[in-house]
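Undergrad: Let me give you the structure first, and then I'll get to my questions.
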Amino acid sequence: MQTPNIETQGILSPDGRWLAYTSNLTGRFEVHVQSFPDPTARVQASPSGGSSPRWRRDGKELFYLRPDGTLMSVRVRSSKPLEFEPPVALFQFFSVERGVAANTPPYDVTADGEQFIVAAVTRRAEPSINVLLNWPALLTQSAR
């Protein structure tokens with residue numbers, strides 16, 4: 001695509017008729033879907049920020065990440081013209097990468113859209129601190 005905007009993370013629908021991608025066309029990163037190979041029709045799939053689009057194998061559902069790490073689902077209502085149902089939040093996770101990465105999204109979805117594999121950061125509920133007492137004695141013991 002030749003535009004003044006940033007377009008990244010393009011992925012074709014399983015039938016090869018639609019290209020989902022991340023763009024900053026609106027001033028923030030959103031997921032857009034346009035017809036392919038003729039780019040005459042375009043629809044914004046994410047209404048409040050989005051990136052990392054992935055299609056369900058049958059092309060009837062599109063997944064994306066909101067900026068807060070929530071995985072969203074939008075079902076295809078119609079393909080002629082392309083229309084989506086309102087997005088539904090599935091679950092939230094914290095990926096290693098924040099923001100819009102140009103490489104592979106930090107998740108993938110099974111063909112039926114029912115299971116996900118996620119590269120996520122785990123967080124402890126309570127922070128812990130380890131204190132080592134008498135550490136100079138340990139240094140002299142290891143030198144012997």
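We name chains A, B, ... following the order of the structure tokens; residues begin at 1 in each chain, and ligands are numbered from 1 as shown.
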Show which residues sit within 7 Å of stretch 76-90 of chain A, as a PyMOL selection string. Count only C-alpha atoms, and ignore same-chain residues fewer than 3 positions away.
TA: chain A and resi 45+60-61+70-73
Undergrad: What would the file look like if the residues just selected were written as a PDB file, in the first residue's frame with N, CA and C atoms?
TA:
```
ATOM      1  N   ALA A  45     -12.498  -2.365  11.615  1.00  0.00           N
ATOM      2  CA  ALA A  45     -13.026  -3.450  12.452  1.00  0.00           C
ATOM      3  C   ALA A  45     -12.907  -3.145  13.941  1.00  0.00           C
ATOM      4  N   LYS A  60     -15.081 -16.275   9.198  1.00  0.00           N
ATOM      5  CA  LYS A  60     -16.304 -15.685   9.741  1.00  0.00           C
ATOM      6  C   LYS A  60     -16.078 -14.893  11.022  1.00  0.00           C
ATOM      7  N   GLU A  61     -14.818 -14.808  11.457  1.00  0.00           N
ATOM      8  CA  GLU A  61     -14.505 -14.084  12.682  1.00  0.00           C
ATOM      9  C   GLU A  61     -13.085 -13.546  12.592  1.00  0.00           C
ATOM     10  N   THR A  70      -6.494  -6.494  25.784  1.00  0.00           N
ATOM     11  CA  THR A  70      -7.708  -7.303  25.695  1.00  0.00           C
ATOM     12  C   THR A  70      -7.822  -7.897  24.303  1.00  0.00           C
ATOM     13  N   LEU A  71      -8.002  -9.213  24.241  1.00  0.00           N
ATOM     14  CA  LEU A  71      -8.222  -9.881  22.960  1.00  0.00           C
ATOM     15  C   LEU A  71      -9.690  -9.726  22.598  1.00  0.00           C
ATOM     16  N   MET A  72      -9.941  -9.208  21.416  1.00  0.00           N
ATOM     17  CA  MET A  72     -11.291  -8.920  20.953  1.00  0.00           C
ATOM     18  C   MET A  72     -11.678  -9.840  19.803  1.00  0.00           C
ATOM     19  N   SER A  73     -12.974 -10.039  19.652  1.00  0.00           N
ATOM     20  CA  SER A  73     -13.519 -10.833  18.560  1.00  0.00           C
ATOM     21  C   SER A  73     -14.573 -10.008  17.843  1.00  0.00           C
TER      22      SER A  73
END
```
Undergrad: Mind listing the alpha helix (DSSP H) residues of chain A, per DSSP on the backbone, as a VMD selection string?
TA: chain A and resid 135 to 143
Undergrad: Rank nothing, just name the residue among A:Ser52, A:Ser23, A:Ser128, A:Gln44 nearest to A:Ile11, using only C-alpha atoms.
TA: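 Ranked by minimum distance to A:Ile11, first place goes to A:Ser52.
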Undergrad: Using the chain letters and numbers from this document, which residues of stretch 9-120 of chain A does DSSP assign to strand (DSSP E or B), as a PyMOL selection string?
TA: chain A and resi 9-12+18-23+30-35+42-44+51-55+61-65+70-79+82-84+88-92+95+107-109+116-118+120
Undergrad: Deliver the residues from the most recent selection as a file, using C-alpha atoms, as a CSV table (one decimal), in the first residue's frame.
TA:
```
chain,number,residue,atom,x,y,z
A,9,GLN,CA,0.6,-6.7,10.3
A,10,GLY,CA,-1.3,-7.5,7.1
A,11,ILE,CA,-3.0,-10.9,7.0
A,12,LEU,CA,-5.3,-12.3,4.2
A,18,TRP,CA,-10.0,-9.6,2.4
A,19,LEU,CA,-6.8,-8.1,3.9
A,20,ALA,CA,-6.9,-7.3,7.6
A,21,TYR,CA,-4.1,-4.9,8.8
A,22,THR,CA,-3.2,-2.4,11.4
A,23,SER,CA,-3.1,1.3,10.3
A,30,GLU,CA,-6.8,0.5,14.4
A,31,VAL,CA,-7.6,-2.7,12.6
A,32,HIS,CA,-8.9,-2.2,9.1
A,33,VAL,CA,-10.1,-4.7,6.5
A,34,GLN,CA,-10.1,-4.0,2.8
A,35,SER,CA,-11.0,-6.0,-0.3
A,42,ARG,CA,-12.5,-0.7,3.4
A,43,VAL,CA,-14.0,-1.2,6.8
A,44,GLN,CA,-12.6,-0.4,10.2
A,51,SER,CA,-3.6,-4.3,16.3
A,52,SER,CA,-2.4,-7.8,15.6
A,53,PRO,CA,-5.4,-9.1,13.5
A,54,ARG,CA,-5.9,-12.9,13.0
A,55,TRP,CA,-8.7,-14.7,11.1
A,61,GLU,CA,-14.5,-14.1,12.7
A,62,LEU,CA,-11.6,-11.7,13.1
A,63,PHE,CA,-9.6,-11.3,16.3
A,64,TYR,CA,-7.4,-8.4,17.4
A,65,LEU,CA,-5.7,-6.9,20.4
A,70,THR,CA,-7.7,-7.3,25.7
A,71,LEU,CA,-8.2,-9.9,23.0
A,72,MET,CA,-11.3,-8.9,21.0
A,73,SER,CA,-13.5,-10.8,18.6
A,74,VAL,CA,-15.6,-9.4,15.7
A,75,ARG,CA,-17.8,-11.7,13.7
A,76,VAL,CA,-18.4,-11.1,10.1
A,77,ARG,CA,-22.1,-10.2,9.6
A,78,SER,CA,-22.0,-9.9,5.8
A,79,SER,CA,-19.3,-10.2,3.2
A,82,LEU,CA,-18.3,-6.4,4.4
A,83,GLU,CA,-20.0,-5.7,7.7
A,84,PHE,CA,-18.9,-6.7,11.2
A,88,VAL,CA,-16.8,-8.7,22.0
A,89,ALA,CA,-14.0,-8.8,24.6
A,90,LEU,CA,-12.7,-12.3,25.2
A,91,PHE,CA,-9.9,-12.0,27.8
A,92,GLN,CA,-7.0,-9.8,28.7
A,95,SER,CA,2.3,-9.7,26.1
A,107,TYR,CA,-1.0,-14.9,20.0
A,108,ASP,CA,-2.6,-17.3,17.5
A,109,VAL,CA,-6.0,-18.9,17.3
A,116,PHE,CA,-5.6,-19.6,21.7
A,117,ILE,CA,-1.9,-19.8,22.3
A,118,VAL,CA,-0.5,-16.7,23.9
A,120,ALA,CA,2.2,-13.6,27.8
```
